[in-house]
Amino acid sequence: MSDIAERVGRILDDPENWPSDPKEAVALQRRMAGRVRAEPLDASAVRTVAGLDVSYAKDDSALSAAAVVLDAATLEVVESVAIASEVSFPYISGLFSFRELPPVLEALGRLETTPDVYLCDGFGLAHPRRFGVASHLGVLLDLPVVGSAKSVLYGRHSEPGRERGSWTPMVAGRSEVVPDSAALAAGGAEVIGRVLRTRAGVKPVYVSVGHRVDLDGAADLVLRLSPKYRVPEPVRHADRLCGEHRKEVLAARTASEE
DNA sequence: GCGACAG
DNA sequence: ATCTTGTCGC
């Protein structure tokens, strides 16, 4: 059993980690948010990156989760796992991680290798209580995690330039007012993430610190991992894999029922 | 009260 | 997120 499998097992088995009531979940977020650390990540030490995602059934409670490990230099798939499970928490915006992390951790536990960095399809600090799924996973594992989301949950920002690599900051607060560059320079605003254009002329992605990386490092990594498509490669692979896996599980179940 | 709301 | 066919553009 790999090192990460043991840690994942302890996390999943501790009922303190998995409240069933949204009220308790919010309280847990408030307690754990203080443990998030934004710090430089040694990019030269990053050999492998894991992309994580979950695919849900429309009516059913069935779901599949995937973890795909890529070589950070070549972007080739090193290892991938997919597991089937069931929904254990409702989808509530802001409490997304309580729904998504149990199956994600199950998948991580089946990995032979221990990735150096993890990429979540969602936010880290760019969250109303600064504790999105990427921060939640990072604190539970105490490993580097980056958040890369496809739409905004919280915060305000202006639009980045249309060329690949251009970006604007995401600032805490409700999303009507565009952040003021003078206020940013004066350090008066809390920067919680970055709107990053990974493909020219295509809707940007929203990057934030999960845990044990800083925002520059997180954005550099996401851009490196998105040489061709909008969504970073590890997450693209995980998205495709868990979608296929869920359909295979459904097909197998349907076949055995007749 | 109103609007917003990751996947 | 999921359910879905064709269609516009490089």
# chains A, B, ... in the order shown; residues from 1 in each chain; ligands from 1
>>> interface_residues(of="chain A", to="chain B", cutoff="7 Å", atoms="only C-alpha atoms (C1' of nucleotides)", output="MDAnalysis selection string")
chainID A and resid 93 122:123 149 151:153
>>> write_last_selection(atoms="N, CA, C and O atoms", output="short mmCIF file (atom, residue, chain, number, x, y, z; two decimals), in the first residue's frame")
data_model
loop_
_atom_site.label_atom_id
_atom_site.label_comp_id
_atom_site.auth_asym_id
_atom_site.auth_seq_id
_atom_site.Cartn_x
_atom_site.Cartn_y
_atom_site.Cartn_z
N SER A 93 -23.68 25.18 -3.34
CA SER A 93 -22.60 26.08 -3.72
C SER A 93 -21.89 26.58 -2.47
O SER A 93 -22.52 27.08 -1.54
N GLY A 122 -12.04 23.42 -9.47
CA GLY A 122 -12.79 24.25 -8.52
C GLY A 122 -11.83 25.25 -7.89
O GLY A 122 -10.73 25.47 -8.39
N PHE A 123 -12.25 25.85 -6.76
CA PHE A 123 -11.45 26.90 -6.15
C PHE A 123 -10.73 26.46 -4.88
O PHE A 123 -11.05 25.42 -4.30
N ALA A 149 -10.81 26.63 -11.83
CA ALA A 149 -12.25 26.53 -12.06
C ALA A 149 -12.64 27.12 -13.41
O ALA A 149 -11.89 27.89 -14.01
N SER A 151 -15.73 28.69 -13.92
CA SER A 151 -16.60 29.86 -13.75
C SER A 151 -16.39 30.43 -12.35
O SER A 151 -15.72 29.82 -11.53
N VAL A 152 -16.96 31.58 -12.11
CA VAL A 152 -16.71 32.28 -10.84
C VAL A 152 -17.70 31.90 -9.75
O VAL A 152 -18.89 31.78 -10.01
N LEU A 153 -17.21 31.70 -8.57
CA LEU A 153 -18.06 31.49 -7.40
C LEU A 153 -18.15 32.76 -6.59
O LEU A 153 -19.23 33.16 -6.17
#
>>> interface_residues(of="chain C", to="chain A", cutoff="8 Å", atoms="only C-alpha atoms (C1' of nucleotides)", output="PyMOL selection string")
chain C and resi 1-3
>>> atom_distance(atom1="CA of Leu143 in chain A", atom2="CA of Pro227 in chain A")
24.8 Å
>>> atom_distance(atom1="CA of Gly94 in chain A", atom2="CA of Ala25 in chain A")
9.9 Å
>>> select_by_dssp(residues="range 41-256 of chain A", states="helix (DSSP H, G or I)", output="PyMOL selection string")
chain A and resi 43-45+96-109+133-141+181-185+215-224+233-256
>>> atom_distance(atom1="CA of Ala73 in chain A", atom2="CA of Leu52 in chain A")
18.5 Å
>>> select_by_dssp(residues="range 29-251 of chain A", states="strand (DSSP E)", output="compact mmCIF listing (two decimals) with N, CA and C atoms, in the first residue's frame")
# COMPACT_ATOMS: atom_id res chain seq x y z
N THR A 48 5.51 15.10 -11.16
CA THR A 48 4.19 14.58 -11.56
C THR A 48 3.06 15.44 -11.00
N VAL A 49 1.99 15.57 -11.76
CA VAL A 49 0.82 16.34 -11.35
C VAL A 49 -0.42 15.47 -11.54
N ALA A 50 -1.28 15.45 -10.53
CA ALA A 50 -2.52 14.68 -10.62
C ALA A 50 -3.70 15.59 -10.92
N GLY A 51 -4.53 15.22 -11.88
CA GLY A 51 -5.79 15.91 -12.15
C GLY A 51 -6.92 15.10 -11.55
N LEU A 52 -7.89 15.80 -10.94
CA LEU A 52 -8.98 15.13 -10.22
C LEU A 52 -10.33 15.62 -10.71
N ASP A 53 -11.28 14.69 -10.85
CA ASP A 53 -12.63 15.11 -11.24
C ASP A 53 -13.65 14.04 -10.91
N VAL A 54 -14.93 14.45 -10.88
CA VAL A 54 -16.04 13.54 -10.58
C VAL A 54 -17.13 13.74 -11.63
N SER A 55 -17.75 12.64 -12.04
CA SER A 55 -18.88 12.69 -12.98
C SER A 55 -20.12 12.12 -12.30
N TYR A 56 -21.25 12.84 -12.42
CA TYR A 56 -22.47 12.45 -11.72
C TYR A 56 -23.55 11.98 -12.69
N ALA A 62 -25.56 7.57 -8.52
CA ALA A 62 -24.27 7.01 -8.96
C ALA A 62 -23.31 8.11 -9.39
N LEU A 63 -22.04 7.85 -9.17
CA LEU A 63 -21.00 8.77 -9.63
C LEU A 63 -19.72 7.99 -9.88
N SER A 64 -18.82 8.58 -10.64
CA SER A 64 -17.48 8.03 -10.81
C SER A 64 -16.47 9.14 -10.59
N ALA A 65 -15.36 8.79 -9.95
CA ALA A 65 -14.28 9.76 -9.72
C ALA A 65 -13.01 9.27 -10.39
N ALA A 66 -12.18 10.20 -10.83
CA ALA A 66 -10.94 9.83 -11.48
C ALA A 66 -9.77 10.65 -10.97
N ALA A 67 -8.61 10.01 -10.93
CA ALA A 67 -7.34 10.68 -10.66
C ALA A 67 -6.38 10.28 -11.77
N VAL A 68 -5.88 11.25 -12.51
CA VAL A 68 -4.95 10.97 -13.60
C VAL A 68 -3.63 11.68 -13.34
N VAL A 69 -2.56 10.92 -13.34
CA VAL A 69 -1.24 11.48 -13.05
C VAL A 69 -0.47 11.70 -14.34
N LEU A 70 0.02 12.93 -14.52
CA LEU A 70 0.79 13.27 -15.71
C LEU A 70 2.23 13.62 -15.35
N ASP A 71 3.13 13.33 -16.28
CA ASP A 71 4.50 13.81 -16.18
C ASP A 71 4.43 15.31 -16.45
N VAL A 77 0.49 10.74 -19.75
CA VAL A 77 -0.17 10.09 -18.62
C VAL A 77 0.74 9.01 -18.05
N VAL A 78 0.98 9.10 -16.75
CA VAL A 78 1.84 8.15 -16.06
C VAL A 78 1.00 7.04 -15.43
N GLU A 79 -0.15 7.45 -14.87
CA GLU A 79 -1.03 6.48 -14.20
C GLU A 79 -2.43 7.08 -14.13
N SER A 80 -3.44 6.22 -14.16
CA SER A 80 -4.80 6.75 -13.98
C SER A 80 -5.68 5.71 -13.29
N VAL A 81 -6.57 6.20 -12.44
CA VAL A 81 -7.52 5.31 -11.76
C VAL A 81 -8.90 5.95 -11.78
N ALA A 82 -9.93 5.11 -11.84
CA ALA A 82 -11.31 5.58 -11.75
C ALA A 82 -12.07 4.64 -10.83
N ILE A 83 -12.94 5.21 -10.01
CA ILE A 83 -13.73 4.39 -9.07
C ILE A 83 -15.20 4.79 -9.17
N ALA A 84 -16.08 3.85 -8.83
CA ALA A 84 -17.51 4.13 -8.79
C ALA A 84 -17.95 4.29 -7.35
N SER A 85 -18.85 5.23 -7.11
CA SER A 85 -19.37 5.42 -5.75
C SER A 85 -20.76 6.06 -5.84
N GLU A 86 -21.20 6.60 -4.71
CA GLU A 86 -22.52 7.23 -4.68
C GLU A 86 -22.46 8.58 -3.97
N VAL A 117 2.05 17.31 -7.06
CA VAL A 117 1.06 18.39 -6.96
C VAL A 117 -0.29 17.85 -7.44
N TYR A 118 -1.37 18.45 -6.92
CA TYR A 118 -2.74 18.03 -7.25
C TYR A 118 -3.52 19.21 -7.83
N LEU A 119 -4.33 18.93 -8.84
CA LEU A 119 -5.10 19.98 -9.50
C LEU A 119 -6.59 19.65 -9.39
N CYS A 120 -7.34 20.56 -8.75
CA CYS A 120 -8.78 20.37 -8.58
C CYS A 120 -9.57 21.22 -9.57
N VAL A 145 -1.81 21.72 -3.48
CA VAL A 145 -3.00 21.60 -4.33
C VAL A 145 -3.31 22.96 -4.96
N VAL A 146 -3.68 22.92 -6.25
CA VAL A 146 -4.03 24.11 -7.00
C VAL A 146 -5.49 24.01 -7.43
N GLY A 147 -6.20 25.14 -7.38
CA GLY A 147 -7.59 25.18 -7.85
C GLY A 147 -7.65 25.82 -9.23
N SER A 148 -8.37 25.18 -10.16
CA SER A 148 -8.57 25.74 -11.50
C SER A 148 -10.03 25.53 -11.86
N ALA A 149 -10.81 26.63 -11.83
CA ALA A 149 -12.25 26.53 -12.06
C ALA A 149 -12.64 27.12 -13.41
N TRP A 167 -3.61 37.97 -17.78
CA TRP A 167 -4.41 37.68 -16.59
C TRP A 167 -4.77 38.94 -15.83
N THR A 168 -5.76 38.82 -14.97
CA THR A 168 -6.16 39.89 -14.05
C THR A 168 -6.40 39.26 -12.68
N PRO A 169 -6.25 40.06 -11.63
CA PRO A 169 -6.47 39.50 -10.28
C PRO A 169 -7.95 39.36 -9.93
N MET A 170 -8.24 38.39 -9.10
CA MET A 170 -9.57 38.26 -8.50
C MET A 170 -9.45 38.82 -7.09
N VAL A 171 -10.40 39.66 -6.71
CA VAL A 171 -10.35 40.34 -5.43
C VAL A 171 -11.58 39.96 -4.61
N VAL A 191 -6.30 39.84 -2.59
CA VAL A 191 -6.26 39.06 -3.84
C VAL A 191 -6.48 37.60 -3.51
N ILE A 192 -7.50 37.01 -4.10
CA ILE A 192 -7.86 35.63 -3.77
C ILE A 192 -7.64 34.66 -4.92
N GLY A 193 -7.30 35.19 -6.09
CA GLY A 193 -7.11 34.29 -7.23
C GLY A 193 -6.73 35.07 -8.47
N ARG A 194 -6.74 34.39 -9.61
CA ARG A 194 -6.30 35.00 -10.85
C ARG A 194 -7.13 34.48 -12.03
N VAL A 195 -7.60 35.44 -12.84
CA VAL A 195 -8.31 35.08 -14.07
C VAL A 195 -7.24 34.92 -15.14
N LEU A 196 -7.11 33.74 -15.68
CA LEU A 196 -5.99 33.43 -16.58
C LEU A 196 -6.47 32.94 -17.95
N VAL A 205 -9.72 30.66 -17.42
CA VAL A 205 -9.95 29.82 -16.25
C VAL A 205 -9.64 30.65 -15.00
N TYR A 206 -10.12 30.19 -13.86
CA TYR A 206 -10.01 30.93 -12.61
C TYR A 206 -9.12 30.14 -11.65
N VAL A 207 -7.92 30.65 -11.44
CA VAL A 207 -6.90 29.94 -10.67
C VAL A 207 -6.85 30.47 -9.25
N SER A 208 -6.76 29.58 -8.28
CA SER A 208 -6.51 30.04 -6.92
C SER A 208 -5.65 29.05 -6.15
N VAL A 209 -5.05 29.56 -5.09
CA VAL A 209 -4.21 28.75 -4.20
C VAL A 209 -5.09 27.75 -3.47
N GLY A 210 -4.69 26.49 -3.50
CA GLY A 210 -5.37 25.49 -2.68
C GLY A 210 -4.62 25.40 -1.36
N HIS A 211 -3.38 24.94 -1.41
CA HIS A 211 -2.55 24.77 -0.22
C HIS A 211 -1.11 24.55 -0.63
>>> residues_around(residues="Val222 in chain A", least_positions_apart="2", cutoff="8 Å", atoms="only C-alpha atoms (C1' of nucleotides)", output="PyMOL selection string")
chain A and resi 148+207+218-220+224-226+232
>>> write_last_selection(atoms="C-alpha atoms", output="short mmCIF file (atom, residue, chain, number, x, y, z; two decimals), in the first residue's frame")
data_model
loop_
_atom_site.label_atom_id
_atom_site.label_comp_id
_atom_site.auth_asym_id
_atom_site.auth_seq_id
_atom_site.Cartn_x
_atom_site.Cartn_y
_atom_site.Cartn_z
CA SER A 148 -8.57 25.74 -11.50
CA VAL A 207 -6.90 29.94 -10.67
CA ALA A 218 -0.28 28.11 -9.19
CA ALA A 219 -0.87 30.26 -12.27
CA ASP A 220 2.50 29.34 -13.82
CA ARG A 224 2.24 25.22 -18.41
CA LEU A 225 -0.31 22.44 -18.15
CA SER A 226 -2.62 24.09 -20.72
CA PRO A 232 -5.29 22.11 -17.91
#
>>> residues_around(residues="range 37-42 of chain A", least_positions_apart="2", cutoff="7 Å", atoms="only C-alpha atoms (C1' of nucleotides)", output="list in words")
Arg35, Ser44, Ala45, Val209, His211, Arg212, Val213, Asp214 and Gly217 of chain A
>>> write_last_selection(atoms="all heavy atoms", output="PDB file, in the first residue's frame")
ATOM      1  N   ARG A  35      -5.755  26.901   8.491  1.00  0.00           N
ATOM      2  CA  ARG A  35      -4.606  26.005   8.267  1.00  0.00           C
ATOM      3  C   ARG A  35      -4.058  26.080   6.851  1.00  0.00           C
ATOM      4  O   ARG A  35      -3.027  25.471   6.542  1.00  0.00           O
ATOM      5  CB  ARG A  35      -5.013  24.563   8.602  1.00  0.00           C
ATOM      6  CG  ARG A  35      -5.246  24.380  10.107  1.00  0.00           C
ATOM      7  CD  ARG A  35      -6.058  23.144  10.426  1.00  0.00           C
ATOM      8  NE  ARG A  35      -5.424  21.909   9.952  1.00  0.00           N
ATOM      9  CZ  ARG A  35      -5.959  20.701  10.074  1.00  0.00           C
ATOM     10  NH1 ARG A  35      -7.141  20.569  10.664  1.00  0.00           N
ATOM     11  NH2 ARG A  35      -5.334  19.642   9.617  1.00  0.00           N
ATOM     12  N   SER A  44      11.006  23.002  -9.759  1.00  0.00           N
ATOM     13  CA  SER A  44      11.953  21.996 -10.267  1.00  0.00           C
ATOM     14  C   SER A  44      11.735  20.644  -9.588  1.00  0.00           C
ATOM     15  O   SER A  44      12.180  19.609 -10.084  1.00  0.00           O
ATOM     16  CB  SER A  44      13.386  22.472 -10.046  1.00  0.00           C
ATOM     17  OG  SER A  44      13.670  22.532  -8.661  1.00  0.00           O
ATOM     18  N   ALA A  45      11.031  20.654  -8.453  1.00  0.00           N
ATOM     19  CA  ALA A  45      10.775  19.408  -7.733  1.00  0.00           C
ATOM     20  C   ALA A  45       9.455  18.766  -8.160  1.00  0.00           C
ATOM     21  O   ALA A  45       9.091  17.704  -7.675  1.00  0.00           O
ATOM     22  CB  ALA A  45      10.752  19.673  -6.223  1.00  0.00           C
ATOM     23  N   VAL A 209      -5.046  29.562  -5.086  1.00  0.00           N
ATOM     24  CA  VAL A 209      -4.212  28.752  -4.203  1.00  0.00           C
ATOM     25  C   VAL A 209      -5.090  27.753  -3.469  1.00  0.00           C
ATOM     26  O   VAL A 209      -6.125  28.119  -2.894  1.00  0.00           O
ATOM     27  CB  VAL A 209      -3.501  29.649  -3.166  1.00  0.00           C
ATOM     28  CG1 VAL A 209      -2.865  28.824  -2.060  1.00  0.00           C
ATOM     29  CG2 VAL A 209      -2.475  30.538  -3.852  1.00  0.00           C
ATOM     30  N   HIS A 211      -3.381  24.939  -1.415  1.00  0.00           N
ATOM     31  CA  HIS A 211      -2.554  24.773  -0.217  1.00  0.00           C
ATOM     32  C   HIS A 211      -1.110  24.545  -0.632  1.00  0.00           C
ATOM     33  O   HIS A 211      -0.840  23.867  -1.626  1.00  0.00           O
ATOM     34  CB  HIS A 211      -3.061  23.562   0.586  1.00  0.00           C
ATOM     35  CG  HIS A 211      -2.413  23.387   1.921  1.00  0.00           C
ATOM     36  ND1 HIS A 211      -2.379  24.376   2.871  1.00  0.00           N
ATOM     37  CD2 HIS A 211      -1.793  22.317   2.474  1.00  0.00           C
ATOM     38  CE1 HIS A 211      -1.759  23.918   3.957  1.00  0.00           C
ATOM     39  NE2 HIS A 211      -1.393  22.674   3.732  1.00  0.00           N
ATOM     40  N   ARG A 212      -0.194  25.131   0.126  1.00  0.00           N
ATOM     41  CA  ARG A 212       1.252  24.922  -0.081  1.00  0.00           C
ATOM     42  C   ARG A 212       1.756  25.258  -1.484  1.00  0.00           C
ATOM     43  O   ARG A 212       2.681  24.632  -1.991  1.00  0.00           O
ATOM     44  CB  ARG A 212       1.626  23.491   0.323  1.00  0.00           C
ATOM     45  CG  ARG A 212       1.479  23.286   1.828  1.00  0.00           C
ATOM     46  CD  ARG A 212       1.845  21.894   2.271  1.00  0.00           C
ATOM     47  NE  ARG A 212       3.233  21.566   1.943  1.00  0.00           N
ATOM     48  CZ  ARG A 212       3.858  20.466   2.409  1.00  0.00           C
ATOM     49  NH1 ARG A 212       3.212  19.634   3.216  1.00  0.00           N
ATOM     50  NH2 ARG A 212       5.091  20.225   2.078  1.00  0.00           N
ATOM     51  N   VAL A 213       1.107  26.234  -2.111  1.00  0.00           N
ATOM     52  CA  VAL A 213       1.629  26.877  -3.322  1.00  0.00           C
ATOM     53  C   VAL A 213       1.307  28.352  -3.154  1.00  0.00           C
ATOM     54  O   VAL A 213       0.494  28.713  -2.298  1.00  0.00           O
ATOM     55  CB  VAL A 213       0.957  26.367  -4.617  1.00  0.00           C
ATOM     56  CG1 VAL A 213       1.277  24.924  -4.890  1.00  0.00           C
ATOM     57  CG2 VAL A 213      -0.544  26.577  -4.552  1.00  0.00           C
ATOM     58  N   ASP A 214       1.950  29.224  -3.956  1.00  0.00           N
ATOM     59  CA  ASP A 214       1.515  30.618  -3.955  1.00  0.00           C
ATOM     60  C   ASP A 214       0.815  30.889  -5.288  1.00  0.00           C
ATOM     61  O   ASP A 214       0.803  30.033  -6.184  1.00  0.00           O
ATOM     62  CB  ASP A 214       2.665  31.587  -3.685  1.00  0.00           C
ATOM     63  CG  ASP A 214       3.786  31.464  -4.701  1.00  0.00           C
ATOM     64  OD1 ASP A 214       3.543  30.973  -5.819  1.00  0.00           O
ATOM     65  OD2 ASP A 214       4.923  31.855  -4.360  1.00  0.00           O
ATOM     66  N   GLY A 217       2.961  30.696  -8.470  1.00  0.00           N
ATOM     67  CA  GLY A 217       3.298  29.309  -8.782  1.00  0.00           C
ATOM     68  C   GLY A 217       2.106  28.540  -9.322  1.00  0.00           C
ATOM     69  O   GLY A 217       2.231  27.741 -10.258  1.00  0.00           O
TER      70      GLY A 217
END
